[in-house]
Each structure stands twice: as C-alpha cells, then as structure tokens.
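Written below as structure tokens is the structure these notes are about.
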Amino acid sequence: MYNYFLPDEYVKDIFQIKPEVLKEKGIKGIITDLDNTLVEWDRPEATPAIIDWMKSMKEAGIQVTVVSNNNEMRVKTFCDPIGTPFICEARKPLRKSFKKALTTMGIRKEEAVVIGDQLMTDILGGNRKGLHTILVVPVANSDGFFTKFNRMMERRIMAGLKRKGLIKWEE
C-alpha cells in the first residue's frame, strides 16, 4: 500500500526539473499540479520564474498541462495568460484526469511525468495511473482548508515510508 504514495523522485522545487534531463528520459509531457506546486495556493498569476520554466519546457518540445482539483475560475485565471492547457476540478487522485491529460497531449504514459506537492492527490493519482511521479516541497507553508487534512494524513504516511526505509531523502 505504501508504494502508491512513494514518488519516483523528490525535489525541492520545480526549477530543479530540467528539460534536458526529461528529454534524455524520453519525456514529452508534464502533468503538473498548480497550487503549492507552481505557485502559492493564494497567488492568482504565474511568477516570471514560472513563466520562464514553462517556456524552457516548450522550447525543448515538452508539453505542460496543469491538472488541478481547484475550480475553473482559479485555474483559468492562472493558465490562460500564459497559454497553458489545463484540467480543473480534476478530482485527483482519480485516474480520469490523468488519462485526459495524456490524451490531450497525444502522448503515452511512458512519455509523461506528474509533478505535485501532495502525496494524497498528485503522487497517489499518478502512481495509480502508472506514471512517473515527482514530489516537490510545497511552495507555501500555509494551505487551503481541505489541504490541511491531507497534510495531516501525509505526515503519517511519510513516517511509515521512513520506518520501512523507503524514503531516501532528508526533509
């Protein structure tokens, strides 16, 4: 059971994810969470650094699709100005939104990575679909109402992963 919550990789932030490394692995698409993965959950727009990161992926031929459990207005406000496709109200960790993102990008699951800050939604959902998952440290120290519950559960799961020797990184 713990393996469903175990990410394939762990990085401090998305800026450690480089297009040239992804290309070497045959990656053609990124499915990324929005809130506390790309920007703080209460920041409405992309930062210049996020815009540059997305541009570097696009220039490398890697598509990016935002898949968020948040509502359409929130996700559209972030994605439309930077021209990034999105799926809102995704109901992660259900597999349907991950499948839809793959179909929209026209790629196979072996050609995609999932990036997110939550074990309970992003990592669990990506792993259940058989995708390569990358956990990032949340951008902000605060969370929205529902995410606070997930974080409490994640702390317990992380403790279990550590006890079993499955985590190879330090917090």
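Residues are referred to by chain and number: the chain letter is A, B, ... according to the order shown in the structure tokens, the number counts from 1 in that chain, and ligands are numbered separately from 1 in the order shown.
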
Margin query: DSSP on the backbone: which residues in region 25-86 of chain A end up as strand (DSSP E or B)? Give the answer as a PyMOL selection string.
Written below: chain A and resi 29-32+35+39+63-67+86

Notebook entry, point to check: as a PyMOL selection string, which residues of region 28-144 of chain A does DSSP assign to alpha helix (DSSP H)?
Noted result: chain A and resi 48-59+72-79+96-105+124-128

Atoms to include: N, CA, C and O atoms. Write the selected residues as a short mmCIF file (atom, residue, chain, number, x, y, z; two decimals), in the first residue's frame.
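And here's selection_12.cif as it stands now:
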data_model
loop_
_atom_site.label_atom_id
_atom_site.label_comp_id
_atom_site.auth_asym_id
_atom_site.auth_seq_id
_atom_site.Cartn_x
_atom_site.Cartn_y
_atom_site.Cartn_z
N PRO A 48 7.27 35.44 -12.91
CA PRO A 48 8.18 35.44 -14.05
C PRO A 48 9.04 34.17 -14.10
O PRO A 48 9.30 33.64 -15.19
N ALA A 49 9.45 33.65 -12.95
CA ALA A 49 10.28 32.43 -12.92
C ALA A 49 9.49 31.22 -13.45
O ALA A 49 10.04 30.39 -14.18
N ILE A 50 8.22 31.14 -13.10
CA ILE A 50 7.38 30.03 -13.59
C ILE A 50 7.17 30.17 -15.10
O ILE A 50 7.24 29.18 -15.83
N ILE A 51 6.95 31.38 -15.56
CA ILE A 51 6.78 31.61 -17.00
C ILE A 51 8.04 31.18 -17.75
O ILE A 51 7.96 30.50 -18.78
N ASP A 52 9.20 31.53 -17.22
CA ASP A 52 10.47 31.13 -17.85
C ASP A 52 10.63 29.61 -17.85
O ASP A 52 11.10 29.03 -18.84
N TRP A 53 10.27 28.95 -16.74
CA TRP A 53 10.39 27.50 -16.64
C TRP A 53 9.50 26.83 -17.68
O TRP A 53 9.92 25.92 -18.38
N MET A 54 8.25 27.31 -17.79
CA MET A 54 7.33 26.74 -18.77
C MET A 54 7.82 26.97 -20.19
O MET A 54 7.72 26.10 -21.05
N LYS A 55 8.38 28.16 -20.42
CA LYS A 55 8.92 28.48 -21.75
C LYS A 55 10.08 27.54 -22.10
O LYS A 55 10.18 27.06 -23.23
N SER A 56 10.93 27.24 -21.12
CA SER A 56 12.07 26.34 -21.38
C SER A 56 11.57 24.94 -21.73
O SER A 56 12.18 24.26 -22.56
N MET A 57 10.49 24.51 -21.10
CA MET A 57 9.93 23.20 -21.43
C MET A 57 9.37 23.21 -22.85
O MET A 57 9.63 22.29 -23.63
N LYS A 58 8.64 24.26 -23.18
CA LYS A 58 8.04 24.36 -24.51
C LYS A 58 9.13 24.38 -25.59
O LYS A 58 9.02 23.71 -26.62
N GLU A 59 10.19 25.15 -25.34
CA GLU A 59 11.29 25.23 -26.31
C GLU A 59 11.98 23.89 -26.49
O GLU A 59 12.54 23.61 -27.55
N GLU A 72 -12.68 26.10 -11.90
CA GLU A 72 -12.31 26.63 -13.22
C GLU A 72 -11.80 28.06 -13.16
O GLU A 72 -10.81 28.40 -13.81
N MET A 73 -12.46 28.90 -12.40
CA MET A 73 -12.04 30.31 -12.34
C MET A 73 -10.59 30.44 -11.84
O MET A 73 -9.80 31.17 -12.42
N ARG A 74 -10.25 29.70 -10.80
CA ARG A 74 -8.90 29.76 -10.24
C ARG A 74 -7.87 29.29 -11.27
O ARG A 74 -6.86 29.95 -11.51
N VAL A 75 -8.12 28.14 -11.87
CA VAL A 75 -7.14 27.54 -12.79
C VAL A 75 -7.05 28.33 -14.09
O VAL A 75 -5.96 28.58 -14.62
N LYS A 76 -8.19 28.78 -14.60
CA LYS A 76 -8.23 29.57 -15.85
C LYS A 76 -7.49 30.90 -15.67
O LYS A 76 -6.76 31.33 -16.56
N THR A 77 -7.68 31.54 -14.51
CA THR A 77 -7.02 32.82 -14.22
C THR A 77 -5.50 32.67 -14.27
O THR A 77 -4.79 33.55 -14.74
N PHE A 78 -5.01 31.52 -13.82
CA PHE A 78 -3.57 31.27 -13.84
C PHE A 78 -3.09 30.86 -15.23
O PHE A 78 -2.09 31.37 -15.73
N CYS A 79 -3.78 29.92 -15.87
CA CYS A 79 -3.29 29.30 -17.10
C CYS A 79 -3.51 30.11 -18.38
O CYS A 79 -2.64 30.12 -19.26
N LYS A 96 -9.02 9.47 -14.05
CA LYS A 96 -9.65 10.05 -15.24
C LYS A 96 -8.94 11.31 -15.74
O LYS A 96 -8.71 11.47 -16.94
N SER A 97 -8.60 12.23 -14.85
CA SER A 97 -7.98 13.49 -15.27
C SER A 97 -6.57 13.26 -15.81
O SER A 97 -6.13 13.95 -16.73
N PHE A 98 -5.86 12.28 -15.27
CA PHE A 98 -4.52 11.97 -15.78
C PHE A 98 -4.62 11.38 -17.19
O PHE A 98 -3.85 11.75 -18.08
N LYS A 99 -5.60 10.52 -17.39
CA LYS A 99 -5.83 9.94 -18.72
C LYS A 99 -6.20 11.03 -19.72
O LYS A 99 -5.70 11.05 -20.84
N LYS A 100 -7.07 11.94 -19.29
CA LYS A 100 -7.49 13.04 -20.17
C LYS A 100 -6.29 13.90 -20.56
O LYS A 100 -6.15 14.31 -21.72
N ALA A 101 -5.41 14.19 -19.61
CA ALA A 101 -4.21 15.00 -19.91
C ALA A 101 -3.32 14.29 -20.93
O ALA A 101 -2.81 14.92 -21.87
N LEU A 102 -3.13 12.99 -20.76
CA LEU A 102 -2.31 12.22 -21.71
C LEU A 102 -2.93 12.26 -23.11
O LEU A 102 -2.23 12.48 -24.10
N THR A 103 -4.22 12.08 -23.17
CA THR A 103 -4.94 12.10 -24.46
C THR A 103 -4.83 13.47 -25.11
O THR A 103 -4.55 13.58 -26.31
N THR A 104 -5.03 14.52 -24.32
CA THR A 104 -4.97 15.89 -24.84
C THR A 104 -3.57 16.20 -25.40
O THR A 104 -3.45 16.83 -26.44
N MET A 105 -2.54 15.72 -24.71
CA MET A 105 -1.17 15.96 -25.18
C MET A 105 -0.76 14.98 -26.28
O MET A 105 0.26 15.19 -26.94
N LEU A 124 -0.31 9.84 -5.43
CA LEU A 124 -1.20 8.68 -5.45
C LEU A 124 -1.88 8.54 -6.81
O LEU A 124 -1.89 7.45 -7.40
N GLY A 125 -2.42 9.62 -7.34
CA GLY A 125 -3.09 9.57 -8.63
C GLY A 125 -2.16 9.19 -9.77
O GLY A 125 -2.49 8.35 -10.60
N GLY A 126 -0.98 9.80 -9.79
CA GLY A 126 -0.01 9.47 -10.83
C GLY A 126 0.46 8.03 -10.75
O GLY A 126 0.57 7.33 -11.77
N ASN A 127 0.74 7.56 -9.55
CA ASN A 127 1.19 6.18 -9.37
C ASN A 127 0.10 5.19 -9.75
O ASN A 127 0.39 4.15 -10.36
N ARG A 128 -1.13 5.48 -9.40
CA ARG A 128 -2.23 4.58 -9.76
C ARG A 128 -2.39 4.46 -11.27
O ARG A 128 -2.81 3.42 -11.78
#

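Going from CA of Ile87 (chain A) to CA of Ile17 (chain A) covers 21.6 Å.
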
Per residue of region 60-155 of chain A within 8 Å of region 30-43 of chain A, which atom pair is closest and at what distance in Å (one decimal), using only C-alpha atoms, listed by chain and increasing number, as a Markdown table?
| residue | atom | partner | partner_atom | distance |
| --- | --- | --- | --- | --- |
| A:Ile62 | CA | A:Ile30 | CA | 7.1 |
| A:Gln63 | CA | A:Ile30 | CA | 6.1 |
| A:Val64 | CA | A:Ile30 | CA | 4.7 |
| A:Thr65 | CA | A:Ile31 | CA | 5.1 |
| A:Val66 | CA | A:Thr32 | CA | 4.9 |
| A:Val67 | CA | A:Asp33 | CA | 5.3 |
| A:Ser68 | CA | A:Asp33 | CA | 5.4 |
| A:Val75 | CA | A:Leu34 | CA | 7.7 |
| A:Phe98 | CA | A:Ile31 | CA | 7.5 |
| A:Ala101 | CA | A:Ile31 | CA | 7.0 |
| A:Ala112 | CA | A:Ile30 | CA | 5.6 |
| A:Val113 | CA | A:Ile30 | CA | 5.1 |
| A:Val114 | CA | A:Ile31 | CA | 4.7 |
| A:Ile115 | CA | A:Thr32 | CA | 4.7 |
| A:Gly116 | CA | A:Asp33 | CA | 5.1 |
| A:Asp117 | CA | A:Thr37 | CA | 5.4 |
| A:Asp122 | CA | A:Asp33 | CA | 7.0 |
| A:Val136 | CA | A:Thr37 | CA | 6.7 |
| A:Val137 | CA | A:Thr37 | CA | 7.5 |
| A:Pro138 | CA | A:Asn36 | CA | 4.9 |
| A:Val139 | CA | A:Asn36 | CA | 4.7 |
| A:Ala140 | CA | A:Glu40 | CA | 5.3 |
| A:Asp143 | CA | A:Trp41 | CA | 6.8 |
| A:Gly144 | CA | A:Trp41 | CA | 7.0 |

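Distance-wise, CA of Lys109 (chain A) and CA of Thr133 (chain A) end up 11.1 Å apart.
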
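Across the model, the gap from CA of Pro7 (chain A) to CA of Leu94 (chain A) is 16.6 Å.
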
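Residue nearest Ala60 (chain A), chosen from A:Leu6, A:Met152, A:Leu166, A:Val21 and counting only C-alpha atoms: A:Val21.
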
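Restricting the calculation to only C-alpha atoms, the smallest distance between Met120 (chain A) and any of A:Ile107, A:Leu22, A:Val11, A:Ile157 is found for A:Ile157.
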
Margin query: Just checking: using only C-alpha atoms, which residue out of A:Glu111, A:Arg95, A:Asn71, A:Gly29 ends up closest to Ile123 (chain A)?
Written below: A:Arg95

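Residue nearest Pro93 (chain A), chosen from A:Gln118, A:Gly160, A:Lys18, A:Tyr2 and counting only C-alpha atoms: A:Gln118.
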
Item checked: Long-range neighbours of Leu161 (chain A) as a PyMOL selection string, 12 Å cut-off, only C-alpha atoms, 4 positions minimum in chain -> chain A and resi 1-7+119+154-157+165-169
